[in-house]
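Participant: Sharing a structure below in structure tokens format, with a few things to ask.
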Amino acid sequence: MGLTIGVDIGGTKIAAGVVDEEGNILSTFKVPTPTTPEAIIDAIASAVEGARAGHEIVGVGIGAAGYVNRQRSTVYFAPNIDWRNEPLKEKVEARTGLPVVVENDANAAAWGEYKFGAGKGHRNVICITLGTGLGGGIIIGNKLRRGHFGVAAEFGHIRMVPDGLLCGCGSQGCWEQYASGRALVRYAKQRANATPERAEILLALGDGTPDGIEGKHISMAARQGCPVAVDSYRELARWAGAGLADLASLFDPSAFIVGGGLSDEGDLVLDPIRKSYKRWLVGGNWRPVADVIAAQLGNKAGLVGAADLAREPDPIM
């Protein structure tokens, strides 16, 4: 179908990239992310126009964090942008003159990995993104499954702990409160505060206090053998693996693809996730066990996936 543009809306920048049918990014254009909803739409249009220069483009796919309707046109709700029933497709089409589809950003990243990354060769995969929060995507029978209203696969807001920790979504005990970058930092701070003698390496990488611990410090300290950092990763992995075991009972995929910033740590985080997953998998000793594999496309997955989904037929048809 030709070249399409994928758009990734980040907290600090909006990136648009021209992507071919093999998932190769041919050119990119980035603009700062504005602070107002309408200015963000203008910025998306500007990034698209910048990326399309010199290319014949047949469509645009936009990855947006939030609930997107099944028609891939309207953002019902975005947690970080004041979009409520925002007709994003209509507005960007009016500014660019190109056909536009809107997709949840985690769905777009999942599709990118399935089509061009770690999911190649699989028909049934579940993707989770372990970043600041926890997102995901469902591909069953080579199709991205959005659900009846388009808002499926919000895995981060499965309630893992009744009356547990308060989540930013307003609920309590959500999975992302126990398996995410925020959770990892919380675990490390709690442990460093309780047993500072076990956290000397970790504390030295920050300002010397538990409050000064950041995610990058935990990774560096864990690779140096810091007990508190290693234990923090194990705690995150325990919750992540338990959640994957529940998802296996629901979807029975051939593979789980783990993406997001935490997956960049490789086996430091993936090995304990695999162990926890097998520990909690019902009938795990007597059934086939899905692979738990690292994503391959990194922060390009969402852009590439959104661009490719612009070539996919309307899921309503």
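By order in the structure tokens, chains are A, B, ...; within a chain, residues start at 1; ligands start at 1, following the order shown.
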If you run DSSP on the backbone, which residues of region 61-258 of chain A are strand (DSSP E or B), as number ranges by chain?
Facilitator: A: 61-64, 67-68, 75-77, 84-86, 100-104, 125-130, 134-140, 143-144, 159, 166, 172, 174, 255-258
Participant: Find the spatial neighbours of Arg274 (chain A), counting only C-alpha atoms, within a cut-off of 10 Å - ignore same-chain residues fewer than 6 positions away - and output them as JSON, numbers by chain.
Facilitator: {"A": [237, 238, 240, 241, 242, 244, 245, 267, 290, 291, 292, 293]}
Participant: Only all heavy atoms, please: the residues just picked out, written as an mmCIF file, in the first residue's frame.
Facilitator:
```cif
data_model
loop_
_atom_site.group_PDB
_atom_site.id
_atom_site.type_symbol
_atom_site.label_atom_id
_atom_site.label_comp_id
_atom_site.auth_asym_id
_atom_site.auth_seq_id
_atom_site.Cartn_x
_atom_site.Cartn_y
_atom_site.Cartn_z
ATOM 1 N N ALA A 237 9.674 -8.400 39.676
ATOM 2 C CA ALA A 237 9.526 -9.582 38.821
ATOM 3 C C ALA A 237 8.502 -10.556 39.389
ATOM 4 O O ALA A 237 7.779 -11.224 38.638
ATOM 5 C CB ALA A 237 10.874 -10.272 38.656
ATOM 6 N N ARG A 238 8.433 -10.653 40.709
ATOM 7 C CA ARG A 238 7.452 -11.538 41.324
ATOM 8 C C ARG A 238 6.035 -11.146 40.926
ATOM 9 O O ARG A 238 5.221 -11.983 40.540
ATOM 10 C CB ARG A 238 7.601 -11.490 42.852
ATOM 11 C CG ARG A 238 6.656 -12.403 43.604
ATOM 12 C CD ARG A 238 7.013 -12.447 45.074
ATOM 13 N NE ARG A 238 6.636 -11.239 45.772
ATOM 14 C CZ ARG A 238 5.420 -11.040 46.321
ATOM 15 N NH1 ARG A 238 4.490 -11.983 46.228
ATOM 16 N NH2 ARG A 238 5.146 -9.920 46.966
ATOM 17 N N ALA A 240 5.235 -9.121 38.297
ATOM 18 C CA ALA A 240 5.096 -9.186 36.842
ATOM 19 C C ALA A 240 4.819 -10.608 36.387
ATOM 20 O O ALA A 240 3.930 -10.861 35.562
ATOM 21 C CB ALA A 240 6.347 -8.639 36.158
ATOM 22 N N GLY A 241 5.577 -11.561 36.917
ATOM 23 C CA GLY A 241 5.385 -12.955 36.535
ATOM 24 C C GLY A 241 4.040 -13.509 36.955
ATOM 25 O O GLY A 241 3.401 -14.265 36.210
ATOM 26 N N ALA A 242 3.578 -13.115 38.141
ATOM 27 C CA ALA A 242 2.263 -13.567 38.596
ATOM 28 C C ALA A 242 1.166 -13.051 37.670
ATOM 29 O O ALA A 242 0.204 -13.767 37.355
ATOM 30 C CB ALA A 242 2.017 -13.092 40.027
ATOM 31 N N LEU A 244 1.519 -12.335 34.453
ATOM 32 C CA LEU A 244 1.605 -13.079 33.192
ATOM 33 C C LEU A 244 0.934 -14.442 33.326
ATOM 34 O O LEU A 244 0.286 -14.916 32.377
ATOM 35 C CB LEU A 244 3.068 -13.262 32.775
ATOM 36 C CG LEU A 244 3.839 -12.010 32.372
ATOM 37 C CD1 LEU A 244 5.212 -12.402 31.820
ATOM 38 C CD2 LEU A 244 3.089 -11.174 31.361
ATOM 39 N N ALA A 245 1.081 -15.073 34.477
ATOM 40 C CA ALA A 245 0.424 -16.366 34.691
ATOM 41 C C ALA A 245 -1.089 -16.229 34.586
ATOM 42 O O ALA A 245 -1.773 -17.094 34.011
ATOM 43 C CB ALA A 245 0.821 -16.935 36.050
ATOM 44 N N ASP A 267 18.201 -9.787 30.907
ATOM 45 C CA ASP A 267 17.976 -10.907 31.815
ATOM 46 C C ASP A 267 17.979 -10.500 33.276
ATOM 47 O O ASP A 267 17.501 -11.252 34.126
ATOM 48 C CB ASP A 267 19.023 -12.000 31.577
ATOM 49 C CG ASP A 267 18.790 -12.734 30.262
ATOM 50 O OD1 ASP A 267 17.653 -12.667 29.744
ATOM 51 O OD2 ASP A 267 19.736 -13.362 29.751
ATOM 52 N N ALA A 290 4.421 -20.799 27.645
ATOM 53 C CA ALA A 290 4.751 -19.754 26.669
ATOM 54 C C ALA A 290 6.127 -19.168 26.953
ATOM 55 O O ALA A 290 6.550 -19.062 28.112
ATOM 56 C CB ALA A 290 3.701 -18.651 26.713
ATOM 57 N N ASP A 291 6.815 -18.784 25.904
ATOM 58 C CA ASP A 291 8.091 -18.089 26.055
ATOM 59 C C ASP A 291 7.857 -16.687 26.608
ATOM 60 O O ASP A 291 6.842 -16.046 26.305
ATOM 61 C CB ASP A 291 8.799 -17.968 24.701
ATOM 62 C CG ASP A 291 9.220 -19.312 24.134
ATOM 63 O OD1 ASP A 291 9.541 -20.218 24.920
ATOM 64 O OD2 ASP A 291 9.209 -19.447 22.895
ATOM 65 N N VAL A 292 8.795 -16.211 27.409
ATOM 66 C CA VAL A 292 8.799 -14.817 27.859
ATOM 67 C C VAL A 292 10.040 -14.185 27.255
ATOM 68 O O VAL A 292 11.168 -14.522 27.621
ATOM 69 C CB VAL A 292 8.821 -14.710 29.396
ATOM 70 C CG1 VAL A 292 8.856 -13.239 29.824
ATOM 71 C CG2 VAL A 292 7.592 -15.401 29.993
ATOM 72 N N ILE A 293 9.839 -13.290 26.282
ATOM 73 C CA ILE A 293 10.953 -12.786 25.491
ATOM 74 C C ILE A 293 10.990 -11.258 25.518
ATOM 75 O O ILE A 293 9.974 -10.598 25.720
ATOM 76 C CB ILE A 293 10.884 -13.287 24.031
ATOM 77 C CG1 ILE A 293 9.520 -12.948 23.407
ATOM 78 C CG2 ILE A 293 11.124 -14.785 23.975
ATOM 79 C CD1 ILE A 293 9.356 -13.441 21.974
#
```
Participant: If we count only C-alpha atoms, what is near Leu236 (chain A) at a cut-off of 8 Å, once residues fewer than 5 positions away on the same chain are taken out, given as number ranges by chain?
Facilitator: A: 178-180, 183-184
Participant: Atoms to include: all heavy atoms. Write the selected residues as a PDB file, in the first residue's frame.
Facilitator:
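Result written to selection-v9.pdb:
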```pdb
ATOM      1  N   TYR A 178       2.460  -2.443  41.267  1.00  0.00           N
ATOM      2  CA  TYR A 178       3.355  -3.466  41.796  1.00  0.00           C
ATOM      3  C   TYR A 178       4.388  -3.935  40.768  1.00  0.00           C
ATOM      4  O   TYR A 178       5.393  -4.538  41.148  1.00  0.00           O
ATOM      5  CB  TYR A 178       2.528  -4.671  42.286  1.00  0.00           C
ATOM      6  CG  TYR A 178       1.521  -4.262  43.340  1.00  0.00           C
ATOM      7  CD1 TYR A 178       0.246  -3.842  42.987  1.00  0.00           C
ATOM      8  CD2 TYR A 178       1.879  -4.235  44.687  1.00  0.00           C
ATOM      9  CE1 TYR A 178      -0.668  -3.430  43.945  1.00  0.00           C
ATOM     10  CE2 TYR A 178       0.974  -3.828  45.655  1.00  0.00           C
ATOM     11  CZ  TYR A 178      -0.296  -3.420  45.274  1.00  0.00           C
ATOM     12  OH  TYR A 178      -1.191  -3.002  46.235  1.00  0.00           O
ATOM     13  N   ALA A 179       4.146  -3.654  39.496  1.00  0.00           N
ATOM     14  CA  ALA A 179       5.073  -4.070  38.433  1.00  0.00           C
ATOM     15  C   ALA A 179       5.217  -2.937  37.431  1.00  0.00           C
ATOM     16  O   ALA A 179       4.533  -2.911  36.406  1.00  0.00           O
ATOM     17  CB  ALA A 179       4.568  -5.337  37.750  1.00  0.00           C
ATOM     18  N   SER A 180       6.099  -2.000  37.733  1.00  0.00           N
ATOM     19  CA  SER A 180       6.338  -0.849  36.852  1.00  0.00           C
ATOM     20  C   SER A 180       7.591  -0.137  37.336  1.00  0.00           C
ATOM     21  O   SER A 180       8.148  -0.474  38.392  1.00  0.00           O
ATOM     22  CB  SER A 180       5.154   0.118  36.887  1.00  0.00           C
ATOM     23  OG  SER A 180       5.020   0.697  38.182  1.00  0.00           O
ATOM     24  N   ALA A 183       6.956   1.382  40.692  1.00  0.00           N
ATOM     25  CA  ALA A 183       6.986   0.384  41.752  1.00  0.00           C
ATOM     26  C   ALA A 183       8.424   0.020  42.113  1.00  0.00           C
ATOM     27  O   ALA A 183       8.768  -0.116  43.302  1.00  0.00           O
ATOM     28  CB  ALA A 183       6.220  -0.858  41.320  1.00  0.00           C
ATOM     29  N   LEU A 184       9.285  -0.129  41.105  1.00  0.00           N
ATOM     30  CA  LEU A 184      10.682  -0.483  41.358  1.00  0.00           C
ATOM     31  C   LEU A 184      11.359   0.558  42.236  1.00  0.00           C
ATOM     32  O   LEU A 184      12.062   0.216  43.206  1.00  0.00           O
ATOM     33  CB  LEU A 184      11.421  -0.616  40.030  1.00  0.00           C
ATOM     34  CG  LEU A 184      12.909  -0.934  40.119  1.00  0.00           C
ATOM     35  CD1 LEU A 184      13.123  -2.337  40.668  1.00  0.00           C
ATOM     36  CD2 LEU A 184      13.581  -0.783  38.752  1.00  0.00           C
TER      37      LEU A 184
END
```
Participant: When you look at region 25-42 of chain A with a cut-off of 9 Å (counting only C-alpha atoms), what residues show up, excluding the ones that are within fewer than 6 positions of it in the same chain? I need them as a list of chain:residue names.
Facilitator: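 Those residues are A:Ile9, A:Gly10, A:Gly11, A:Thr12, A:Lys13, A:Ile14, A:Ala15, A:Ala16, A:Gly17, A:Val18, A:Val19, A:Val48, A:Glu49, A:Gly50, A:Ala51, A:Arg52, A:Ile81, A:Asp82, A:Trp83, A:Leu88, A:Lys91, A:Val92, A:Arg95, A:Lys300, A:Leu303, A:Val304.
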Participant: Applying 12 Å and only C-alpha atoms, which residues near Leu166 (chain A) remain after dropping the ones on its own chain fewer than 6 positions away? List them as a JSON list (two decimals) with N, CA and C atoms, in the first residue's frame.
Facilitator:
```json
[["chain", "number", "residue", "atom", "x", "y", "z"],
["A", 157, "HIS", "N", -4.30, -1.96, 34.79],
["A", 157, "HIS", "CA", -5.37, -1.64, 35.73],
["A", 157, "HIS", "C", -6.23, -2.84, 36.09],
["A", 159, "ARG", "N", -6.94, -5.39, 38.80],
["A", 159, "ARG", "CA", -6.75, -5.29, 40.25],
["A", 159, "ARG", "C", -6.08, -6.55, 40.77],
["A", 160, "MET", "N", -4.83, -6.42, 41.16],
["A", 160, "MET", "CA", -4.07, -7.55, 41.69],
["A", 160, "MET", "C", -4.25, -7.71, 43.19],
["A", 172, "GLN", "N", -7.77, 0.93, 43.30],
["A", 172, "GLN", "CA", -6.77, 0.48, 44.25],
["A", 172, "GLN", "C", -6.27, -0.91, 43.87],
["A", 173, "GLY", "N", -4.97, -1.14, 44.11],
["A", 173, "GLY", "CA", -4.40, -2.46, 43.89],
["A", 173, "GLY", "C", -4.13, -2.82, 42.46],
["A", 174, "CYS", "N", -4.04, -1.84, 41.56],
["A", 174, "CYS", "CA", -3.80, -2.13, 40.14],
["A", 174, "CYS", "C", -2.41, -2.74, 39.93],
["A", 175, "TRP", "N", -2.33, -3.58, 38.92],
["A", 175, "TRP", "CA", -1.09, -4.31, 38.64],
["A", 175, "TRP", "C", 0.09, -3.36, 38.48],
["A", 176, "GLU", "N", -0.10, -2.21, 37.83],
["A", 176, "GLU", "CA", 1.04, -1.33, 37.59],
["A", 176, "GLU", "C", 1.58, -0.70, 38.87],
["A", 177, "GLN", "N", 0.83, -0.76, 39.95],
["A", 177, "GLN", "CA", 1.35, -0.28, 41.23],
["A", 177, "GLN", "C", 2.37, -1.24, 41.83],
["A", 178, "TYR", "N", 2.46, -2.44, 41.27],
["A", 178, "TYR", "CA", 3.35, -3.47, 41.80],
["A", 178, "TYR", "C", 4.39, -3.93, 40.77]]
```
Participant: Write out as a PyMOL selection string the residues lying within 12 Å of Ala194 (chain A), counting only C-alpha atoms and excluding same-chain residues fewer than 5 positions away.
Facilitator: chain A and resi 187-189+199+209-210+228
Participant: With C-alpha atoms retained, could you export that selection as a compact mmCIF listing (two decimals), in the first residue's frame?
Facilitator:
```txt
# COMPACT_ATOMS: atom_id res chain seq x y z
CA TYR A 187 10.68 -0.90 46.50
CA ALA A 188 14.25 0.37 46.45
CA LYS A 189 13.49 3.41 48.60
CA ALA A 199 22.14 -0.30 50.13
CA THR A 209 19.53 9.33 50.92
CA PRO A 210 16.69 6.93 50.03
CA VAL A 228 18.78 -3.91 47.90
```
Participant: Please provide as a PyMOL selection string all residues within 10 Å of Ser254 (chain A), with the sequence filter that same-chain residues fewer than 6 positions apart are discarded (counting only C-alpha atoms).
Facilitator: chain A and resi 119+122-126+140+248+288-292
Participant: If you keep N, CA, C and O atoms, can you produce a file of those selected residues as a PDB file, in the first residue's frame?
Facilitator:
```
ATOM      1  N   GLY A 119       7.927 -10.670  17.954  1.00  0.00           N
ATOM      2  CA  GLY A 119       6.779 -11.533  17.707  1.00  0.00           C
ATOM      3  C   GLY A 119       6.727 -12.162  16.332  1.00  0.00           C
ATOM      4  O   GLY A 119       5.792 -12.912  16.041  1.00  0.00           O
ATOM      5  N   HIS A 122       4.988 -15.671  15.274  1.00  0.00           N
ATOM      6  CA  HIS A 122       3.933 -16.054  16.217  1.00  0.00           C
ATOM      7  C   HIS A 122       2.574 -15.576  15.703  1.00  0.00           C
ATOM      8  O   HIS A 122       2.460 -14.502  15.121  1.00  0.00           O
ATOM      9  N   ARG A 123       1.536 -16.368  15.978  1.00  0.00           N
ATOM     10  CA  ARG A 123       0.162 -15.978  15.664  1.00  0.00           C
ATOM     11  C   ARG A 123      -0.555 -15.397  16.875  1.00  0.00           C
ATOM     12  O   ARG A 123      -1.478 -14.598  16.729  1.00  0.00           O
ATOM     13  N   ASN A 124      -0.139 -15.836  18.063  1.00  0.00           N
ATOM     14  CA  ASN A 124      -0.841 -15.468  19.293  1.00  0.00           C
ATOM     15  C   ASN A 124       0.166 -14.990  20.328  1.00  0.00           C
ATOM     16  O   ASN A 124       0.896 -15.802  20.912  1.00  0.00           O
ATOM     17  N   VAL A 125       0.233 -13.686  20.531  1.00  0.00           N
ATOM     18  CA  VAL A 125       1.180 -13.135  21.501  1.00  0.00           C
ATOM     19  C   VAL A 125       0.472 -12.091  22.364  1.00  0.00           C
ATOM     20  O   VAL A 125      -0.473 -11.428  21.932  1.00  0.00           O
ATOM     21  N   ILE A 126       0.944 -11.996  23.586  1.00  0.00           N
ATOM     22  CA  ILE A 126       0.517 -10.942  24.496  1.00  0.00           C
ATOM     23  C   ILE A 126       1.739 -10.079  24.785  1.00  0.00           C
ATOM     24  O   ILE A 126       2.804 -10.596  25.136  1.00  0.00           O
ATOM     25  N   ILE A 140      -4.235 -12.062  18.725  1.00  0.00           N
ATOM     26  CA  ILE A 140      -4.731 -13.431  18.662  1.00  0.00           C
ATOM     27  C   ILE A 140      -5.135 -13.720  17.220  1.00  0.00           C
ATOM     28  O   ILE A 140      -5.877 -12.954  16.602  1.00  0.00           O
ATOM     29  N   ALA A 248      -1.955 -15.855  30.963  1.00  0.00           N
ATOM     30  CA  ALA A 248      -1.866 -17.139  30.265  1.00  0.00           C
ATOM     31  C   ALA A 248      -3.157 -17.933  30.415  1.00  0.00           C
ATOM     32  O   ALA A 248      -3.603 -18.620  29.484  1.00  0.00           O
ATOM     33  N   PRO A 288       2.146 -26.918  28.171  1.00  0.00           N
ATOM     34  CA  PRO A 288       3.151 -26.119  27.463  1.00  0.00           C
ATOM     35  C   PRO A 288       3.250 -24.728  28.088  1.00  0.00           C
ATOM     36  O   PRO A 288       2.246 -24.156  28.525  1.00  0.00           O
ATOM     37  N   VAL A 289       4.454 -24.211  28.132  1.00  0.00           N
ATOM     38  CA  VAL A 289       4.706 -22.919  28.771  1.00  0.00           C
ATOM     39  C   VAL A 289       5.127 -21.906  27.703  1.00  0.00           C
ATOM     40  O   VAL A 289       6.076 -22.145  26.949  1.00  0.00           O
ATOM     41  N   ALA A 290       4.421 -20.799  27.645  1.00  0.00           N
ATOM     42  CA  ALA A 290       4.751 -19.754  26.669  1.00  0.00           C
ATOM     43  C   ALA A 290       6.127 -19.168  26.953  1.00  0.00           C
ATOM     44  O   ALA A 290       6.550 -19.062  28.112  1.00  0.00           O
ATOM     45  N   ASP A 291       6.815 -18.784  25.904  1.00  0.00           N
ATOM     46  CA  ASP A 291       8.091 -18.089  26.055  1.00  0.00           C
ATOM     47  C   ASP A 291       7.857 -16.687  26.608  1.00  0.00           C
ATOM     48  O   ASP A 291       6.842 -16.046  26.305  1.00  0.00           O
ATOM     49  N   VAL A 292       8.795 -16.211  27.409  1.00  0.00           N
ATOM     50  CA  VAL A 292       8.799 -14.817  27.859  1.00  0.00           C
ATOM     51  C   VAL A 292      10.040 -14.185  27.255  1.00  0.00           C
ATOM     52  O   VAL A 292      11.168 -14.522  27.621  1.00  0.00           O
TER      53      VAL A 292
END
```
Participant: Please tabulate, as a Markdown table, the residues of region 120-165 of chain A that come within 12 Å of region 53-66 of chain A, each with its closest pair of atoms and the distance in Å to one decimal, counting only C-alpha atoms and ordering rows by chain, then residue number upward.
Facilitator:
```
| residue | atom | partner | partner_atom | distance |
| --- | --- | --- | --- | --- |
| A:Gly133 | CA | A:Ala65 | CA | 11.3 |
| A:Leu134 | CA | A:Ala65 | CA | 11.6 |
| A:Gly135 | CA | A:Ala65 | CA | 9.6 |
| A:Gly136 | CA | A:Ala65 | CA | 11.4 |
| A:Gly150 | CA | A:Gly66 | CA | 10.7 |
| A:Val151 | CA | A:Gly66 | CA | 8.5 |
| A:Ala152 | CA | A:Gly66 | CA | 11.1 |
| A:Ala153 | CA | A:Gly66 | CA | 11.4 |
| A:Glu154 | CA | A:Gly66 | CA | 9.3 |
```
Participant: Ranking A:Trp286, A:Tyr233, A:Trp239, A:Trp111 by minimum distance to Glu265 (chain A) and counting only C-alpha atoms, which one comes first?
Facilitator: A:Tyr233
Participant: Would you mind telling me which residue in A:Leu250, A:Leu262, A:Val68, A:Ala229 lies nearest to Pro196 (chain A) when using only C-alpha atoms?
Facilitator: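 Using only C-alpha atoms, Pro196 (chain A) sits closest to A:Ala229.
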Participant: Which residue gives the smallest distance to Lys216 (chain A) among A:Asp8, A:Asp264, A:Glu93, A:Glu22, with only C-alpha atoms counted?
Facilitator: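 The answer is A:Asp264, which sits nearest to Lys216 (chain A).
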Participant: Counting only C-alpha atoms, figure out which residue out of A:Leu297, A:Ala307, A:Val230, A:Ala192 gets nearest to Phe116 (chain A).
Facilitator: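 Smallest separation from Phe116 (chain A) among the options: A:Leu297.
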Participant: With distances taken over only C-alpha atoms, which of A:Leu205, A:Arg70, A:Ala310, A:Asn80 is nearest to Ala222 (chain A)?
Facilitator: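 Smallest separation from Ala222 (chain A) among the options: A:Leu205.
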Participant: Any chance you could list, as a compact mmCIF listing (two decimals) with C-alpha atoms, in the first residue's frame, the residues in region 12-260 of chain A that come up alpha helix (DSSP H) when DSSP is run on the backbone?
Facilitator:
```txt
# COMPACT_ATOMS: atom_id res chain seq x y z
CA PRO A 37 -4.61 20.02 23.83
CA GLU A 38 -5.23 22.08 20.69
CA ALA A 39 -1.56 23.01 20.36
CA ILE A 40 -0.70 19.30 20.51
CA ILE A 41 -2.91 18.69 17.48
CA ASP A 42 -1.12 21.48 15.64
CA ALA A 43 2.21 19.95 16.62
CA ILE A 44 1.14 16.52 15.34
CA ALA A 45 0.23 18.09 12.01
CA SER A 46 3.56 19.94 11.91
CA ALA A 47 5.51 16.74 12.61
CA VAL A 48 3.60 14.88 9.90
CA GLU A 49 4.29 17.64 7.37
CA GLY A 50 7.96 17.65 8.29
CA ALA A 51 8.32 13.88 7.93
CA ARG A 52 6.41 13.59 4.66
CA LEU A 88 -8.37 13.37 16.83
CA LYS A 89 -8.71 11.66 13.45
CA GLU A 90 -10.99 14.36 12.09
CA LYS A 91 -8.81 17.23 13.28
CA VAL A 92 -5.49 15.85 12.02
CA GLU A 93 -7.02 14.88 8.67
CA ALA A 94 -8.27 18.44 8.28
CA ARG A 95 -4.78 19.81 8.87
CA THR A 96 -2.80 17.31 6.77
CA ASP A 105 0.02 3.68 22.02
CA ALA A 106 0.53 0.33 23.78
CA ASN A 107 -1.52 -1.41 21.09
CA ALA A 108 0.64 0.25 18.45
CA ALA A 109 3.85 -0.87 20.17
CA ALA A 110 2.49 -4.41 20.52
CA TRP A 111 1.64 -4.52 16.82
CA GLY A 112 5.08 -3.22 15.89
CA GLU A 113 6.76 -5.96 17.92
CA TYR A 114 4.43 -8.65 16.59
CA LYS A 115 4.88 -7.66 12.97
CA PHE A 116 8.53 -6.61 12.82
CA GLY A 181 9.18 1.65 36.99
CA ARG A 182 7.39 3.56 39.73
CA ALA A 183 6.99 0.38 41.75
CA LEU A 184 10.68 -0.48 41.36
CA VAL A 185 11.76 2.89 42.72
CA ARG A 186 9.33 2.55 45.62
CA TYR A 187 10.68 -0.90 46.50
CA ALA A 188 14.25 0.37 46.45
CA LYS A 189 13.49 3.41 48.60
CA GLN A 190 11.63 1.32 51.17
CA ARG A 191 14.43 -1.23 51.41
CA ALA A 192 17.17 1.37 51.53
CA ASN A 193 15.36 3.17 54.32
CA ALA A 194 14.87 -0.03 56.32
CA GLU A 200 25.54 1.37 50.29
CA ILE A 201 26.22 1.00 46.56
CA LEU A 202 22.76 2.23 45.63
CA LEU A 203 22.81 5.21 47.98
CA ALA A 204 26.25 6.28 46.77
CA LEU A 205 24.92 6.59 43.22
CA GLY A 215 15.49 4.19 38.42
CA LYS A 216 18.86 4.50 36.70
CA HIS A 217 20.62 4.13 40.05
CA ILE A 218 18.82 0.85 40.76
CA SER A 219 19.93 -0.63 37.45
CA MET A 220 23.55 0.40 37.97
CA ALA A 221 23.59 -0.83 41.57
CA ALA A 222 22.01 -4.18 40.69
CA ARG A 223 24.73 -4.81 38.12
CA PRO A 227 21.52 -6.53 47.61
CA VAL A 228 18.78 -3.91 47.90
CA ALA A 229 18.78 -3.20 44.17
CA VAL A 230 18.71 -6.91 43.29
CA ASP A 231 15.92 -7.57 45.79
CA SER A 232 13.91 -4.68 44.34
CA TYR A 233 14.09 -6.17 40.87
CA ARG A 234 13.06 -9.55 42.26
CA GLU A 235 10.03 -8.02 43.94
CA LEU A 236 8.96 -6.32 40.72
CA ALA A 237 9.53 -9.58 38.82
CA ARG A 238 7.45 -11.54 41.32
CA TRP A 239 4.44 -9.37 40.58
CA ALA A 240 5.10 -9.19 36.84
CA GLY A 241 5.38 -12.95 36.53
CA ALA A 242 2.26 -13.57 38.60
CA GLY A 243 0.32 -11.27 36.28
CA LEU A 244 1.61 -13.08 33.19
CA ALA A 245 0.42 -16.37 34.69
CA ASP A 246 -3.08 -14.90 35.00
CA LEU A 247 -2.94 -13.65 31.40
CA ALA A 248 -1.87 -17.14 30.27
CA SER A 249 -5.05 -18.52 31.80
CA LEU A 250 -7.07 -16.00 29.79
CA PHE A 251 -5.33 -16.01 26.41
```
Participant: For Gln224 (chain A), which residue among A:Val100, A:Leu268, A:Ala255, A:Ala295 is the nearest when counting only C-alpha atoms?
Facilitator: A:Leu268
